[in-house]
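S.K.: Handing over start.cif, mmCIF, C-alpha atoms.
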```cif
data_entry
loop_
_atom_site.label_atom_id
_atom_site.label_comp_id
_atom_site.auth_asym_id
_atom_site.auth_seq_id
_atom_site.Cartn_x
_atom_site.Cartn_y
_atom_site.Cartn_z
CA MET J 13 0.00 0.00 0.00
CA GLY J 14 1.12 3.53 -0.52
CA VAL J 15 1.80 6.36 1.84
CA LEU J 16 -1.78 7.62 1.60
CA THR J 17 -3.27 4.27 2.56
CA ASP J 18 -0.65 3.76 5.28
CA VAL J 19 -0.92 7.12 7.03
CA GLY J 20 -4.02 8.78 5.55
CA PRO J 21 -6.38 7.15 8.03
CA ALA J 22 -4.39 8.69 10.89
CA TRP J 23 -5.69 12.05 9.66
CA LEU J 24 -9.13 10.95 8.53
CA VAL J 25 -10.23 9.09 11.67
CA PRO J 26 -9.82 11.99 14.12
CA SER J 27 -11.25 14.41 11.55
CA ALA J 28 -14.37 12.26 11.20
CA TRP J 29 -14.90 12.17 14.97
CA VAL J 30 -14.43 15.94 15.30
CA VAL J 31 -17.02 16.52 12.56
CA THR J 32 -19.35 14.06 14.29
CA MET J 33 -19.04 15.85 17.64
CA LEU J 34 -19.56 19.25 16.03
CA ALA J 35 -22.61 17.99 14.13
CA HIS J 36 -24.16 16.63 17.31
CA GLU J 37 -24.08 19.57 19.65
CA THR J 38 -23.27 22.70 17.66
CA THR J 39 -24.53 24.54 14.62
CA LEU J 40 -21.05 24.58 13.09
CA VAL J 41 -21.85 21.48 10.99
CA SER J 42 -25.20 21.78 9.23
CA GLU J 43 -27.19 18.84 7.87
CA ARG J 44 -26.00 19.76 4.37
CA THR J 45 -22.36 19.86 5.51
CA LEU J 46 -22.79 16.52 7.25
CA LEU J 47 -24.35 15.04 4.10
CA ILE J 48 -21.40 16.26 2.05
CA ALA J 49 -18.99 14.79 4.62
CA LEU J 50 -20.79 11.44 4.43
CA VAL J 51 -20.64 11.40 0.62
CA VAL J 52 -16.90 12.16 0.78
CA MET J 53 -16.48 9.38 3.34
CA ASP J 54 -18.40 6.97 1.09
CA LEU J 55 -16.08 7.80 -1.81
CA LEU J 56 -12.92 7.56 0.30
CA LEU J 57 -13.97 4.20 1.73
CA LEU J 58 -14.74 2.88 -1.75
CA ALA J 59 -11.39 4.13 -3.07
CA PHE J 60 -9.50 2.72 -0.09
CA LEU J 61 -11.18 -0.66 -0.52
CA ALA J 62 -10.40 -0.69 -4.25
CA VAL J 63 -6.74 0.18 -3.72
CA ALA J 64 -5.97 -1.86 -0.60
CA TYR J 65 -8.40 -4.80 -0.69
CA ASP J 66 -5.98 -7.42 -2.02
CA GLU J 67 -3.25 -6.42 0.41
CA MET J 68 -5.50 -6.60 3.46
CA ASP J 69 -5.13 -10.25 4.30
CA GLY J 70 -4.26 -12.22 7.39
CA PRO J 71 -6.07 -12.19 10.71
CA ALA J 72 -5.71 -8.51 11.63
CA LEU J 73 -5.80 -6.85 8.23
CA GLY J 74 -8.60 -9.20 7.19
CA ALA J 75 -10.62 -7.88 10.13
CA TRP J 76 -9.95 -4.34 8.96
CA ARG J 77 -11.00 -5.22 5.42
CA LEU J 78 -14.33 -6.29 6.94
CA VAL J 79 -14.49 -3.00 8.88
CA LEU J 80 -14.02 -1.06 5.65
CA ALA J 81 -16.65 -3.09 3.80
CA GLY J 82 -19.13 -2.97 6.69
CA GLY J 83 -18.27 0.66 7.31
CA LEU J 84 -18.99 1.50 3.69
CA LEU J 85 -22.40 -0.16 3.98
CA VAL J 86 -23.35 1.64 7.21
CA THR J 87 -22.01 4.95 5.88
CA LEU J 88 -24.07 4.53 2.71
CA ALA J 89 -27.09 3.85 4.93
CA GLY J 90 -26.41 7.00 6.94
CA THR J 91 -25.94 9.02 3.75
CA ALA J 92 -29.20 7.71 2.30
CA GLY J 93 -31.08 8.31 5.55
CA LEU J 94 -29.87 11.89 5.86
CA ALA J 95 -30.56 12.60 2.18
CA MET J 96 -34.07 11.10 2.24
CA ASP J 97 -35.38 12.45 5.55
CA PRO J 98 -33.16 14.23 8.09
CA THR J 99 -36.01 14.14 10.63
CA GLN J 100 -35.84 10.31 10.74
CA PRO J 101 -32.32 9.66 12.02
CA THR J 102 -32.50 5.86 12.27
CA LEU J 103 -30.14 5.15 9.37
CA LEU J 104 -27.77 7.90 10.48
CA ALA J 105 -27.73 6.38 13.99
CA LEU J 106 -27.02 2.96 12.48
CA SER J 107 -24.05 4.48 10.68
CA LEU J 108 -22.71 6.12 13.81
CA TYR J 109 -23.08 3.05 16.03
CA GLY J 110 -21.53 0.96 13.25
CA TRP J 111 -18.44 3.18 13.25
CA MET J 112 -18.15 2.85 17.01
CA VAL J 113 -18.58 -0.93 17.19
CA LEU J 114 -16.94 -2.25 13.99
CA PRO J 115 -13.49 -0.73 14.68
CA GLY J 116 -13.83 -1.72 18.36
CA LEU J 117 -14.23 -5.35 17.37
CA ALA J 118 -11.35 -5.11 14.87
CA TYR J 119 -9.11 -3.65 17.58
CA VAL J 120 -9.93 -6.69 19.74
CA LYS J 121 -8.76 -8.94 16.89
CA THR J 122 -5.72 -6.79 16.19
CA ALA J 123 -4.65 -6.83 19.84
CA SER J 124 -4.94 -10.62 19.87
CA VAL J 125 -2.45 -11.04 17.01
CA VAL J 126 0.00 -8.17 17.55
CA ALA J 127 2.66 -9.08 20.09
CA ALA J 128 4.67 -5.84 19.94
CA VAL J 129 4.46 -3.70 23.04
CA PRO J 130 3.21 -0.96 23.47
CA ALA J 131 1.16 -1.36 20.26
CA ARG J 132 -0.74 -4.36 21.64
CA TYR J 133 -1.80 -2.38 24.72
CA ILE J 134 -2.83 0.60 22.64
CA TYR J 135 -5.02 -1.68 20.51
CA VAL J 136 -6.59 -3.13 23.66
CA ALA J 137 -7.28 0.41 24.88
CA ALA J 138 -8.66 1.39 21.45
CA ALA J 139 -11.02 -1.60 21.58
CA GLY J 140 -12.15 -0.72 25.09
CA THR J 141 -12.68 2.96 24.35
CA SER J 142 -14.53 2.24 21.10
CA LEU J 143 -16.94 -0.17 22.73
CA GLY J 144 -17.09 1.66 26.07
CA GLY J 145 -17.58 5.00 24.33
CA ALA J 146 -20.43 3.46 22.32
CA ALA J 147 -22.05 2.40 25.60
CA ILE J 148 -21.61 5.88 27.09
CA TYR J 149 -23.04 7.43 23.93
CA ALA J 150 -26.02 5.05 24.05
CA ILE J 151 -26.74 6.06 27.66
CA GLY J 152 -27.13 9.65 26.47
CA HIS J 153 -28.67 8.92 23.09
CA ILE J 154 -31.14 6.19 23.98
CA GLY J 155 -31.36 6.56 27.74
CA GLY J 156 -31.46 10.34 27.76
CA ILE J 157 -29.26 10.53 30.87
CA ALA J 158 -27.54 13.94 30.83
CA ALA J 159 -27.97 13.63 27.08
CA PRO J 160 -25.76 16.35 25.52
CA GLU J 161 -22.91 15.86 27.97
CA THR J 162 -23.05 12.07 27.90
CA ILE J 163 -23.29 12.01 24.13
CA LEU J 164 -20.23 14.22 23.74
CA VAL J 165 -18.24 12.25 26.31
CA GLY J 166 -19.11 9.01 24.51
CA LEU J 167 -18.07 10.43 21.14
CA ALA J 168 -14.86 11.88 22.59
CA VAL J 169 -13.93 8.56 24.21
CA VAL J 170 -14.54 6.66 20.95
CA GLY J 171 -12.66 9.25 18.89
CA ALA J 172 -9.67 9.39 21.24
CA GLY J 173 -9.32 5.62 21.38
CA GLN J 174 -9.71 5.07 17.66
CA THR J 175 -7.28 7.90 16.96
CA ALA J 176 -4.69 6.35 19.28
CA GLY J 177 -5.12 3.01 17.55
CA ILE J 178 -4.88 4.32 14.00
CA VAL J 179 -1.95 6.63 14.80
CA THR J 180 -0.16 3.61 16.29
CA ALA J 181 -0.84 1.62 13.13
CA ALA J 182 0.39 4.45 10.92
CA TRP J 183 3.51 4.85 13.05
CA ARG J 184 4.17 1.12 12.76
CA ASN J 185 3.61 1.26 8.98
CA VAL J 186 6.21 3.95 8.42
CA GLY J 187 9.36 2.26 7.18
CA GLU J 188 7.78 -1.20 6.96
CA THR J 189 8.03 -3.10 3.69
CA ARG J 190 4.64 -4.69 4.35
CA PRO J 191 2.05 -2.75 6.35
CA VAL J 192 1.03 -4.00 9.74
CA ALA J 193 -2.51 -4.07 10.99
CA PRO J 194 -4.07 -1.04 12.59
#
```
Taking this structure as input, can you express it in the form of structure tokens?

M.R.:
Amino acid sequence: MGVLTDVGPAWLVPSAWVVTMLAHETTLVSERTLLIALVVMDLLLLAFLAVAYDEMDGPALGAWRLVLAGGLLVTLAGTAGLAMDPTQPTLLALSLYGWMVLPGLAYVKTASVVAAVPARYIYVAAAGTSLGGAAIYAIGHIGGIAAPETILVGLAVVGAGQTAGIVTAAWRNVGETRPVAP
């Protein structure tokens, strides 16, 4: 894979979570801006899958190939939902929960096959924060408990953990002849 596929996600993942947080609790990201961001994400995921699909094999990278494919599907669902009826956020919520849970599960798999320390521990933490952040978010989103604050904390926890994991993967990829798993 090239430099863009090796280190690009280290920029895209935190950017996506910042946009998500801004869209949730501010007026800085409008529905139209969010729709445009989702379309761009759809296209980037499709391009990334097309370029990197064959090279994403083995236990860890295979899990991430599934994340990209599943992530493309849930992002397309979110895009369609927002485009069709922004007042019915079910498909958008599916997309968001998908992007919390899918990488969390892939980080579990990655941590189980990567022996290098501290990367292994960072992947464990990324898994825990992705899944734990999803639970915190759900408490605010579905449960309504301190909703805006809980929602933002959940999103921040997910974003921080996934950013740490992907930055670790990018750091490990730099200088490698064959990329390592995120």

S.K.: Can you translate the PyMOL selection byres ((chain J and resi 174) around 9) into the concrete residues it hits in this file, as a list in words?

M.R.: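 In the shown coordinates, the PyMOL selection byres ((chain J and resi 174) around 9) covers Val25, Pro26, Met112, Pro115, Gly116, Tyr119, Tyr135, Ala137, Ala138, Ala139, Thr141, Ser142, Val169, Val170, Gly171, Ala172, Gly173, Thr175, Ala176, Gly177, Ile178 and Val179 of chain J.
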
S.K.: Care to translate the PyMOL selection byres ((chain J and resi 55) around 12) into actual residues of this file, as an mmCIF file with C-alpha atoms, in the coordinates of the input?

M.R.:
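Just written: out.cif:
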```
data_model
loop_
_atom_site.group_PDB
_atom_site.id
_atom_site.type_symbol
_atom_site.label_atom_id
_atom_site.label_comp_id
_atom_site.auth_asym_id
_atom_site.auth_seq_id
_atom_site.Cartn_x
_atom_site.Cartn_y
_atom_site.Cartn_z
ATOM 1 C CA ILE J 48 -21.400 16.260 2.050
ATOM 2 C CA ALA J 49 -18.990 14.790 4.620
ATOM 3 C CA LEU J 50 -20.790 11.440 4.430
ATOM 4 C CA VAL J 51 -20.640 11.400 0.620
ATOM 5 C CA VAL J 52 -16.900 12.160 0.780
ATOM 6 C CA MET J 53 -16.480 9.380 3.340
ATOM 7 C CA ASP J 54 -18.400 6.970 1.090
ATOM 8 C CA LEU J 56 -12.920 7.560 0.300
ATOM 9 C CA LEU J 57 -13.970 4.200 1.730
ATOM 10 C CA LEU J 58 -14.740 2.880 -1.750
ATOM 11 C CA ALA J 59 -11.390 4.130 -3.070
ATOM 12 C CA PHE J 60 -9.500 2.720 -0.090
ATOM 13 C CA LEU J 61 -11.180 -0.660 -0.520
ATOM 14 C CA ALA J 62 -10.400 -0.690 -4.250
ATOM 15 C CA LEU J 80 -14.020 -1.060 5.650
ATOM 16 C CA GLY J 83 -18.270 0.660 7.310
ATOM 17 C CA LEU J 84 -18.990 1.500 3.690
ATOM 18 C CA LEU J 85 -22.400 -0.160 3.980
ATOM 19 C CA THR J 87 -22.010 4.950 5.880
ATOM 20 C CA LEU J 88 -24.070 4.530 2.710
ATOM 21 C CA THR J 91 -25.940 9.020 3.750
#
```

S.K.: For CA of Thr45 (chain J) and CA of Gly82 (chain J), quote the distance in Å rounded to one decimal.

M.R.: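 Between these atoms lies a distance of 23.1 Å.
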
S.K.: Which distance in Å separates CA of Ala168 (chain J) and CA of Ala22 (chain J), to one decimal?

M.R.: 16.0 Å

S.K.: Would you pick out the contacts of Gly74 (chain J) at 10 Å or less, using only C-alpha atoms, so that residues sharing its chain but fewer than 5 positions from it are not included, and give the list as a PyMOL selection string?

M.R.: chain J and resi 65-69+79-80+118+121-122+193

S.K.: Could you write out as a CSV table (one decimal) with C-alpha atoms, in the frame of the given file the residues that the PyMOL selection byres ((chain J and resi 164) around 9) matches in the shown file?

M.R.:
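The result, written out as out-v8.csv:
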```csv
chain,number,residue,atom,x,y,z
J,33,MET,CA,-19.0,15.8,17.6
J,36,HIS,CA,-24.2,16.6,17.3
J,37,GLU,CA,-24.1,19.6,19.6
J,149,TYR,CA,-23.0,7.4,23.9
J,152,GLY,CA,-27.1,9.6,26.5
J,159,ALA,CA,-28.0,13.6,27.1
J,160,PRO,CA,-25.8,16.4,25.5
J,161,GLU,CA,-22.9,15.9,28.0
J,162,THR,CA,-23.0,12.1,27.9
J,163,ILE,CA,-23.3,12.0,24.1
J,165,VAL,CA,-18.2,12.2,26.3
J,166,GLY,CA,-19.1,9.0,24.5
J,167,LEU,CA,-18.1,10.4,21.1
J,168,ALA,CA,-14.9,11.9,22.6
J,169,VAL,CA,-13.9,8.6,24.2
```

S.K.: So how many Å separate CA of Ala28 (chain J) and CA of Ile157 (chain J), to one decimal?

M.R.: 24.7 Å

S.K.: Using only C-alpha atoms, determine which residues lie at most 12 Å from region 96-103 of chain J, disregarding the query and same-chain residues fewer than 2 positions distant; provide the list as a VMD selection string.

M.R.: chain J and resid 36 42 to 44 46 to 47 85 to 94 105 to 110 153 to 154

S.K.: Can you write out the residues you just picked, keeping C-alpha atoms, as a CSV table (one decimal), in the frame of the given file?

M.R.:
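Output file out-v1.csv is given in full below:
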```csv
chain,number,residue,atom,x,y,z
J,36,HIS,CA,-24.2,16.6,17.3
J,42,SER,CA,-25.2,21.8,9.2
J,43,GLU,CA,-27.2,18.8,7.9
J,44,ARG,CA,-26.0,19.8,4.4
J,46,LEU,CA,-22.8,16.5,7.2
J,47,LEU,CA,-24.4,15.0,4.1
J,85,LEU,CA,-22.4,-0.2,4.0
J,86,VAL,CA,-23.4,1.6,7.2
J,87,THR,CA,-22.0,5.0,5.9
J,88,LEU,CA,-24.1,4.5,2.7
J,89,ALA,CA,-27.1,3.8,4.9
J,90,GLY,CA,-26.4,7.0,6.9
J,91,THR,CA,-25.9,9.0,3.8
J,92,ALA,CA,-29.2,7.7,2.3
J,93,GLY,CA,-31.1,8.3,5.6
J,94,LEU,CA,-29.9,11.9,5.9
J,105,ALA,CA,-27.7,6.4,14.0
J,106,LEU,CA,-27.0,3.0,12.5
J,107,SER,CA,-24.0,4.5,10.7
J,108,LEU,CA,-22.7,6.1,13.8
J,109,TYR,CA,-23.1,3.0,16.0
J,110,GLY,CA,-21.5,1.0,13.2
J,153,HIS,CA,-28.7,8.9,23.1
J,154,ILE,CA,-31.1,6.2,24.0
```

S.K.: Out of J:Leu104, J:Ala81, J:Ala75, J:Thr38, which residue has the shortest atom-to-atom distance to Ser124 (chain J) when counting only C-alpha atoms?

M.R.: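 Ranked by minimum distance to Ser124 (chain J), first place goes to J:Ala75.
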
S.K.: Considering all atoms listed in the file, can you say which of J:Leu114, J:Ala158, J:Leu24, J:Val136 comes closest to Trp76 (chain J)?

M.R.: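 When distances to Trp76 (chain J) are compared using all atoms listed in the file, the smallest one comes from J:Leu114.
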
S.K.: My list of candidates is J:Leu78, J:Ile151, J:Val129, J:Ala35. Which is closest to Thr180 (chain J) when distances are computed with only C-alpha atoms?

M.R.: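 Nearest to Thr180 (chain J): J:Val129.
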